[in-house]
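Below is data31.cif, holding mmCIF, C-alpha atoms.
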data_query
loop_
_atom_site.group_PDB
_atom_site.id
_atom_site.type_symbol
_atom_site.label_atom_id
_atom_site.label_comp_id
_atom_site.auth_asym_id
_atom_site.auth_seq_id
_atom_site.Cartn_x
_atom_site.Cartn_y
_atom_site.Cartn_z
ATOM 1 C CA MET A 1 -58.439 -48.670 -54.956
ATOM 2 C CA LYS A 2 -58.278 -45.185 -56.424
ATOM 3 C CA PRO A 3 -60.041 -42.700 -54.122
ATOM 4 C CA GLU A 4 -63.190 -41.058 -55.394
ATOM 5 C CA ALA A 5 -62.482 -37.955 -53.301
ATOM 6 C CA VAL A 6 -59.243 -36.417 -52.061
ATOM 7 C CA ILE A 7 -59.517 -33.997 -49.143
ATOM 8 C CA PHE A 8 -56.670 -31.603 -48.367
ATOM 9 C CA ASP A 9 -55.910 -29.675 -45.215
ATOM 10 C CA MET A 10 -55.051 -26.018 -45.950
ATOM 11 C CA ASP A 11 -52.368 -24.556 -43.669
ATOM 12 C CA ASP A 12 -48.956 -26.227 -43.980
ATOM 13 C CA VAL A 13 -50.239 -28.462 -46.771
ATOM 14 C CA LEU A 14 -51.272 -26.022 -49.505
ATOM 15 C CA CYS A 15 -49.453 -23.048 -48.011
ATOM 16 C CA ARG A 16 -46.953 -22.298 -45.283
ATOM 17 C CA TYR A 17 -48.689 -20.732 -42.287
ATOM 18 C CA ASP A 18 -46.489 -18.521 -40.086
ATOM 19 C CA LEU A 19 -48.248 -17.640 -36.832
ATOM 20 C CA GLY A 20 -45.297 -15.537 -35.710
ATOM 21 C CA LYS A 21 -45.639 -13.301 -38.751
ATOM 22 C CA ARG A 22 -49.373 -12.982 -38.167
ATOM 23 C CA LEU A 23 -48.734 -11.925 -34.574
ATOM 24 C CA ARG A 24 -46.211 -9.311 -35.682
ATOM 25 C CA VAL A 25 -48.679 -7.802 -38.156
ATOM 26 C CA LEU A 26 -51.407 -7.747 -35.516
ATOM 27 C CA SER A 27 -48.940 -6.105 -33.147
ATOM 28 C CA ARG A 28 -48.240 -3.295 -35.609
ATOM 29 C CA ILE A 29 -51.963 -2.766 -36.133
ATOM 30 C CA SER A 30 -52.985 -2.848 -32.477
ATOM 31 C CA GLY A 31 -49.949 -1.599 -30.580
ATOM 32 C CA LYS A 32 -50.075 -4.727 -28.399
ATOM 33 C CA THR A 33 -47.141 -7.115 -28.045
ATOM 34 C CA PRO A 34 -47.116 -10.371 -30.027
ATOM 35 C CA ARG A 35 -46.863 -12.263 -26.730
ATOM 36 C CA ASP A 36 -49.961 -10.547 -25.323
ATOM 37 C CA ILE A 37 -51.929 -11.186 -28.516
ATOM 38 C CA ARG A 38 -50.981 -14.851 -28.514
ATOM 39 C CA THR A 39 -51.981 -15.158 -24.859
ATOM 40 C CA ALA A 40 -55.344 -13.472 -25.480
ATOM 41 C CA ILE A 41 -56.283 -15.397 -28.625
ATOM 42 C CA TRP A 42 -54.416 -18.674 -28.983
ATOM 43 C CA ASP A 43 -53.269 -19.619 -25.484
ATOM 44 C CA SER A 44 -56.640 -18.676 -23.962
ATOM 45 C CA GLY A 45 -58.560 -21.247 -25.984
ATOM 46 C CA PHE A 46 -60.535 -18.585 -27.872
ATOM 47 C CA GLU A 47 -59.313 -19.680 -31.291
ATOM 48 C CA ASP A 48 -59.935 -23.349 -30.503
ATOM 49 C CA ASP A 49 -63.447 -22.414 -29.403
ATOM 50 C CA ALA A 50 -64.041 -20.517 -32.644
ATOM 51 C CA ASP A 51 -62.740 -23.448 -34.702
ATOM 52 C CA SER A 52 -65.133 -25.731 -32.810
ATOM 53 C CA GLY A 53 -68.264 -23.704 -33.519
ATOM 54 C CA GLY A 54 -68.284 -21.304 -30.581
ATOM 55 C CA TYR A 55 -68.774 -18.342 -32.917
ATOM 56 C CA LEU A 56 -71.003 -18.930 -35.910
ATOM 57 C CA ASP A 57 -71.180 -15.305 -37.050
ATOM 58 C CA PRO A 58 -67.977 -13.779 -38.497
ATOM 59 C CA ASP A 59 -68.731 -10.294 -37.161
ATOM 60 C CA HIS A 60 -69.326 -11.636 -33.651
ATOM 61 C CA TYR A 61 -66.032 -13.493 -33.861
ATOM 62 C CA LEU A 62 -64.205 -10.354 -35.059
ATOM 63 C CA ARG A 63 -65.637 -8.197 -32.282
ATOM 64 C CA GLU A 64 -64.591 -10.727 -29.663
ATOM 65 C CA PHE A 65 -61.129 -11.024 -31.215
ATOM 66 C CA GLY A 66 -60.698 -7.247 -30.908
ATOM 67 C CA ARG A 67 -62.095 -7.138 -27.393
ATOM 68 C CA ARG A 68 -59.686 -9.802 -26.227
ATOM 69 C CA ILE A 69 -56.604 -8.080 -27.608
ATOM 70 C CA GLY A 70 -57.812 -4.686 -26.399
ATOM 71 C CA HIS A 71 -58.013 -3.084 -29.830
ATOM 72 C CA PRO A 72 -60.976 -3.098 -32.247
ATOM 73 C CA LEU A 73 -60.068 -4.602 -35.609
ATOM 74 C CA THR A 74 -61.647 -4.017 -38.985
ATOM 75 C CA ARG A 75 -62.235 -7.011 -41.205
ATOM 76 C CA GLU A 76 -59.495 -5.627 -43.461
ATOM 77 C CA ASP A 77 -57.039 -5.580 -40.531
ATOM 78 C CA TRP A 78 -57.777 -9.179 -39.644
ATOM 79 C CA VAL A 79 -57.516 -10.316 -43.268
ATOM 80 C CA ALA A 80 -54.219 -8.477 -43.777
ATOM 81 C CA ALA A 81 -52.607 -10.231 -40.817
ATOM 82 C CA ARG A 82 -53.936 -13.684 -41.757
ATOM 83 C CA ARG A 83 -53.056 -13.297 -45.438
ATOM 84 C CA ASP A 84 -49.518 -12.095 -44.744
ATOM 85 C CA ALA A 85 -48.932 -15.235 -42.684
ATOM 86 C CA MET A 86 -49.814 -17.522 -45.626
ATOM 87 C CA GLN A 87 -47.266 -18.363 -48.322
ATOM 88 C CA PRO A 88 -48.890 -20.454 -51.101
ATOM 89 C CA TRP A 89 -47.001 -23.534 -52.283
ATOM 90 C CA PRO A 90 -47.358 -23.621 -56.093
ATOM 91 C CA ASP A 91 -46.250 -27.246 -56.434
ATOM 92 C CA MET A 92 -48.964 -28.425 -54.051
ATOM 93 C CA LEU A 93 -51.631 -26.292 -55.685
ATOM 94 C CA GLU A 94 -50.672 -27.638 -59.093
ATOM 95 C CA LEU A 95 -50.764 -31.205 -57.766
ATOM 96 C CA ALA A 96 -54.207 -30.606 -56.268
ATOM 97 C CA LYS A 97 -55.377 -29.204 -59.581
ATOM 98 C CA ARG A 98 -54.171 -32.306 -61.453
ATOM 99 C CA VAL A 99 -55.813 -34.623 -58.906
ATOM 100 C CA GLY A 100 -58.991 -32.561 -59.215
ATOM 101 C CA GLU A 101 -59.163 -33.375 -62.908
ATOM 102 C CA GLN A 102 -59.397 -37.061 -61.983
ATOM 103 C CA ALA A 103 -61.385 -37.114 -58.725
ATOM 104 C CA ARG A 104 -63.511 -34.965 -56.492
ATOM 105 C CA THR A 105 -61.366 -32.669 -54.338
ATOM 106 C CA ALA A 106 -62.077 -30.514 -51.289
ATOM 107 C CA ILE A 107 -60.342 -28.741 -48.448
ATOM 108 C CA TYR A 108 -61.153 -29.388 -44.800
ATOM 109 C CA THR A 109 -59.509 -26.999 -42.359
ATOM 110 C CA ASN A 110 -59.721 -26.225 -38.658
ATOM 111 C CA ASN A 111 -60.912 -22.639 -38.944
ATOM 112 C CA GLY A 112 -63.738 -20.368 -37.923
ATOM 113 C CA PRO A 113 -66.399 -18.276 -39.649
ATOM 114 C CA LEU A 114 -64.260 -15.298 -40.631
ATOM 115 C CA THR A 115 -61.803 -17.487 -42.524
ATOM 116 C CA LYS A 116 -64.706 -18.949 -44.455
ATOM 117 C CA ALA A 117 -66.208 -15.512 -45.134
ATOM 118 C CA THR A 118 -62.923 -14.048 -46.410
ATOM 119 C CA ILE A 119 -61.215 -17.036 -48.058
ATOM 120 C CA ASN A 120 -61.307 -15.398 -51.501
ATOM 121 C CA ASP A 121 -59.207 -12.537 -50.132
ATOM 122 C CA LEU A 122 -57.001 -14.681 -47.932
ATOM 123 C CA PHE A 123 -56.041 -17.318 -50.476
ATOM 124 C CA PRO A 124 -57.317 -16.592 -54.003
ATOM 125 C CA HIS A 125 -55.137 -19.368 -55.464
ATOM 126 C CA LEU A 126 -57.055 -21.844 -53.309
ATOM 127 C CA THR A 127 -60.427 -20.837 -54.671
ATOM 128 C CA ASP A 128 -59.084 -21.181 -58.198
ATOM 129 C CA VAL A 129 -58.312 -24.858 -57.523
ATOM 130 C CA PHE A 130 -61.001 -26.002 -55.070
ATOM 131 C CA LYS A 131 -64.745 -25.589 -55.442
ATOM 132 C CA GLU A 132 -65.530 -27.341 -52.155
ATOM 133 C CA HIS A 133 -64.392 -25.809 -48.861
ATOM 134 C CA TYR A 134 -65.301 -27.165 -45.432
ATOM 135 C CA TYR A 135 -64.498 -25.549 -42.087
ATOM 136 C CA SER A 136 -64.495 -27.231 -38.692
ATOM 137 C CA PHE A 137 -66.701 -24.600 -37.026
ATOM 138 C CA GLU A 138 -69.563 -25.744 -39.261
ATOM 139 C CA PHE A 139 -69.514 -29.160 -37.569
ATOM 140 C CA GLY A 140 -69.334 -28.012 -33.948
ATOM 141 C CA THR A 141 -66.056 -29.845 -33.389
ATOM 142 C CA LYS A 142 -62.627 -29.869 -34.971
ATOM 143 C CA LYS A 143 -59.968 -32.243 -36.184
ATOM 144 C CA PRO A 144 -58.787 -34.677 -34.905
ATOM 145 C CA ASP A 145 -62.196 -35.590 -33.442
ATOM 146 C CA PRO A 146 -63.509 -38.476 -35.580
ATOM 147 C CA VAL A 147 -66.985 -36.953 -35.214
ATOM 148 C CA SER A 148 -65.850 -33.993 -37.297
ATOM 149 C CA PHE A 149 -64.858 -36.332 -40.108
ATOM 150 C CA ARG A 150 -68.139 -38.233 -39.903
ATOM 151 C CA LYS A 151 -70.029 -34.961 -40.220
ATOM 152 C CA LEU A 152 -67.814 -34.011 -43.149
ATOM 153 C CA MET A 153 -68.665 -37.288 -44.861
ATOM 154 C CA GLU A 154 -72.375 -36.647 -44.295
ATOM 155 C CA ARG A 155 -72.060 -33.163 -45.781
ATOM 156 C CA MET A 156 -70.187 -34.495 -48.795
ATOM 157 C CA ALA A 157 -72.517 -37.527 -49.105
ATOM 158 C CA MET A 158 -69.447 -39.762 -49.390
ATOM 159 C CA GLU A 159 -68.479 -43.165 -48.048
ATOM 160 C CA PRO A 160 -65.388 -42.677 -45.846
ATOM 161 C CA SER A 161 -63.557 -45.643 -47.374
ATOM 162 C CA ARG A 162 -63.680 -43.918 -50.761
ATOM 163 C CA CYS A 163 -61.950 -40.767 -49.457
ATOM 164 C CA TRP A 164 -58.290 -39.956 -48.934
ATOM 165 C CA PHE A 165 -57.363 -37.242 -46.431
ATOM 166 C CA ILE A 166 -54.056 -35.328 -46.386
ATOM 167 C CA ASP A 167 -52.947 -33.335 -43.320
ATOM 168 C CA ASP A 168 -49.651 -32.167 -41.822
ATOM 169 C CA LYS A 169 -50.692 -33.181 -38.288
ATOM 170 C CA ARG A 170 -50.422 -36.879 -37.539
ATOM 171 C CA SER A 171 -53.207 -36.663 -34.951
ATOM 172 C CA ASN A 172 -55.618 -35.345 -37.582
ATOM 173 C CA VAL A 173 -54.769 -38.201 -39.932
ATOM 174 C CA THR A 174 -55.364 -40.631 -37.063
ATOM 175 C CA GLY A 175 -58.783 -39.057 -36.439
ATOM 176 C CA ALA A 176 -59.651 -39.402 -40.113
ATOM 177 C CA ARG A 177 -58.657 -43.060 -40.114
ATOM 178 C CA MET A 178 -60.756 -43.688 -37.002
ATOM 179 C CA ALA A 179 -63.722 -42.341 -38.992
ATOM 180 C CA GLY A 180 -62.974 -44.760 -41.834
ATOM 181 C CA LEU A 181 -61.072 -42.543 -44.269
ATOM 182 C CA ARG A 182 -57.680 -43.332 -45.692
ATOM 183 C CA GLY A 183 -55.015 -40.831 -44.730
ATOM 184 C CA HIS A 184 -51.584 -39.425 -45.491
ATOM 185 C CA HIS A 185 -49.422 -37.599 -42.955
ATOM 186 C CA PHE A 186 -48.050 -34.758 -45.071
ATOM 187 C CA ARG A 187 -44.415 -33.773 -44.698
ATOM 188 C CA SER A 188 -43.493 -32.583 -48.169
ATOM 189 C CA TYR A 189 -44.571 -32.551 -51.794
ATOM 190 C CA GLN A 190 -41.707 -34.920 -52.600
ATOM 191 C CA GLN A 191 -42.974 -37.506 -50.130
ATOM 192 C CA LEU A 192 -46.622 -37.130 -51.136
ATOM 193 C CA LEU A 193 -46.167 -37.438 -54.895
ATOM 194 C CA PRO A 194 -45.205 -41.159 -54.990
ATOM 195 C CA GLU A 195 -48.318 -42.111 -52.997
ATOM 196 C CA VAL A 196 -50.492 -40.003 -55.277
ATOM 197 C CA ARG A 197 -49.171 -42.020 -58.209
ATOM 198 C CA GLU A 198 -49.448 -45.346 -56.369
ATOM 199 C CA LEU A 199 -53.160 -44.634 -55.850
ATOM 200 C CA GLY A 200 -53.641 -44.361 -59.599
ATOM 201 C CA PHE A 201 -53.506 -40.625 -60.265
ATOM 202 C CA ASP A 202 -51.681 -39.226 -63.254
ATOM 203 C CA ALA A 203 -49.501 -36.633 -61.537
#

Could you write out this file's structure as structure tokens?
Amino acid sequence: MKPEAVIFDMDDVLCRYDLGKRLRVLSRISGKTPRDIRTAIWDSGFEDDADSGGYLDPDHYLREFGRRIGHPLTREDWVAARRDAMQPWPDMLELAKRVGEQARTAIYTNNGPLTKATINDLFPHLTDVFKEHYYSFEFGTKKPDPVSFRKLMERMAMEPSRCWFIDDKRSNVTGARMAGLRGHHFRSYQQLLPEVRELGFDA
């Protein structure tokens, strides 16, 4: 059965996300080492907490980010580092655009409030293709928790069985399937395209 909605992950599906590059940019801005920044933000659980709804206000999140690395950041600083770490994949964006002409499409990404607030600056190609964006912090839990997918379905007013979810992390696809969605573990455009066509899309 052809899906009525196709939901794409963002990082490493629609763009390459390079955390190392982001850390190096943050290091130049703050004067802190990439290792120390990673320890303060990613290894500490802060970013996971933000993705899970621990910070609902983007300015609160930004202040805490700066406090943890020991250097106050402007929104422009944070955006510059995040944006430089993202390399859009034109073939995937074009595929999503073609699918979007035949079904409802959306992105669902594990990210916090500042990503949502600045997505037009971070990834303008994304907003050209997708009108619906959903972020895990809005649901109080993140992928791969099946609860996050159930809340997504409620927000979209969709039956899970009519949705197809695409993510580069196998665990996230498993979580989606546990919530009743169909799923594809993304590895490359070349491997995704045949399944897109098998499901009835002209692509």

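Closest approach to Asp12 in chain A from the set A:Thr39, A:Asn172, A:Ser52, A:Gln87 is made by A:Gln87, with distances taken over all atoms listed in the file.
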
Evaluated on this file, the PyMOL selection byres ((chain A and resi 23) around 9) picks out some residues - which ones are they, written as a short mmCIF file (atom, residue, chain, number, x, y, z; two decimals) with C-alpha atoms, in the coordinates of the input?
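This went into selection-v3.cif:
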data_model
loop_
_atom_site.label_atom_id
_atom_site.label_comp_id
_atom_site.auth_asym_id
_atom_site.auth_seq_id
_atom_site.Cartn_x
_atom_site.Cartn_y
_atom_site.Cartn_z
CA ASP A 18 -46.49 -18.52 -40.09
CA LEU A 19 -48.25 -17.64 -36.83
CA GLY A 20 -45.30 -15.54 -35.71
CA LYS A 21 -45.64 -13.30 -38.75
CA ARG A 22 -49.37 -12.98 -38.17
CA ARG A 24 -46.21 -9.31 -35.68
CA VAL A 25 -48.68 -7.80 -38.16
CA LEU A 26 -51.41 -7.75 -35.52
CA SER A 27 -48.94 -6.10 -33.15
CA ARG A 28 -48.24 -3.30 -35.61
CA THR A 33 -47.14 -7.12 -28.04
CA PRO A 34 -47.12 -10.37 -30.03
CA ARG A 35 -46.86 -12.26 -26.73
CA ILE A 37 -51.93 -11.19 -28.52
CA ARG A 38 -50.98 -14.85 -28.51
CA ALA A 81 -52.61 -10.23 -40.82
CA ALA A 85 -48.93 -15.24 -42.68
#

Skip Asp57 in chain A itself and residues of its chain fewer than 2 positions away, then list as a ChimeraX atom specification all residues within 10 Å of it, counting all atoms listed in the file. /A:50,53-55,59-62,112-114,117

Find the spatial neighbours of Arg68 in chain A, counting all atoms listed in the file, within a cut-off of 12 Å - ignore same-chain residues fewer than 5 positions away - and output them as a list in words. Ser30, Lys32, Asp36, Ile37, Arg38, Thr39, Ala40, Ile41, Trp42, Asp43, Ser44, Gly45, Phe46, Glu47, Tyr61, Leu62, Arg63 and Leu73 of chain A

Would you write out, as a ChimeraX atom specification, every residue that the PyMOL selection byres ((chain A and resi 149) around 12) captures in this file? /A:7,108-110,134-136,138-148,150-161,163-165,172-183

Residue nearest Phe186 in chain A among A:Leu56, A:Val129, A:Val13, A:Met1 (counting only C-alpha atoms): A:Val13
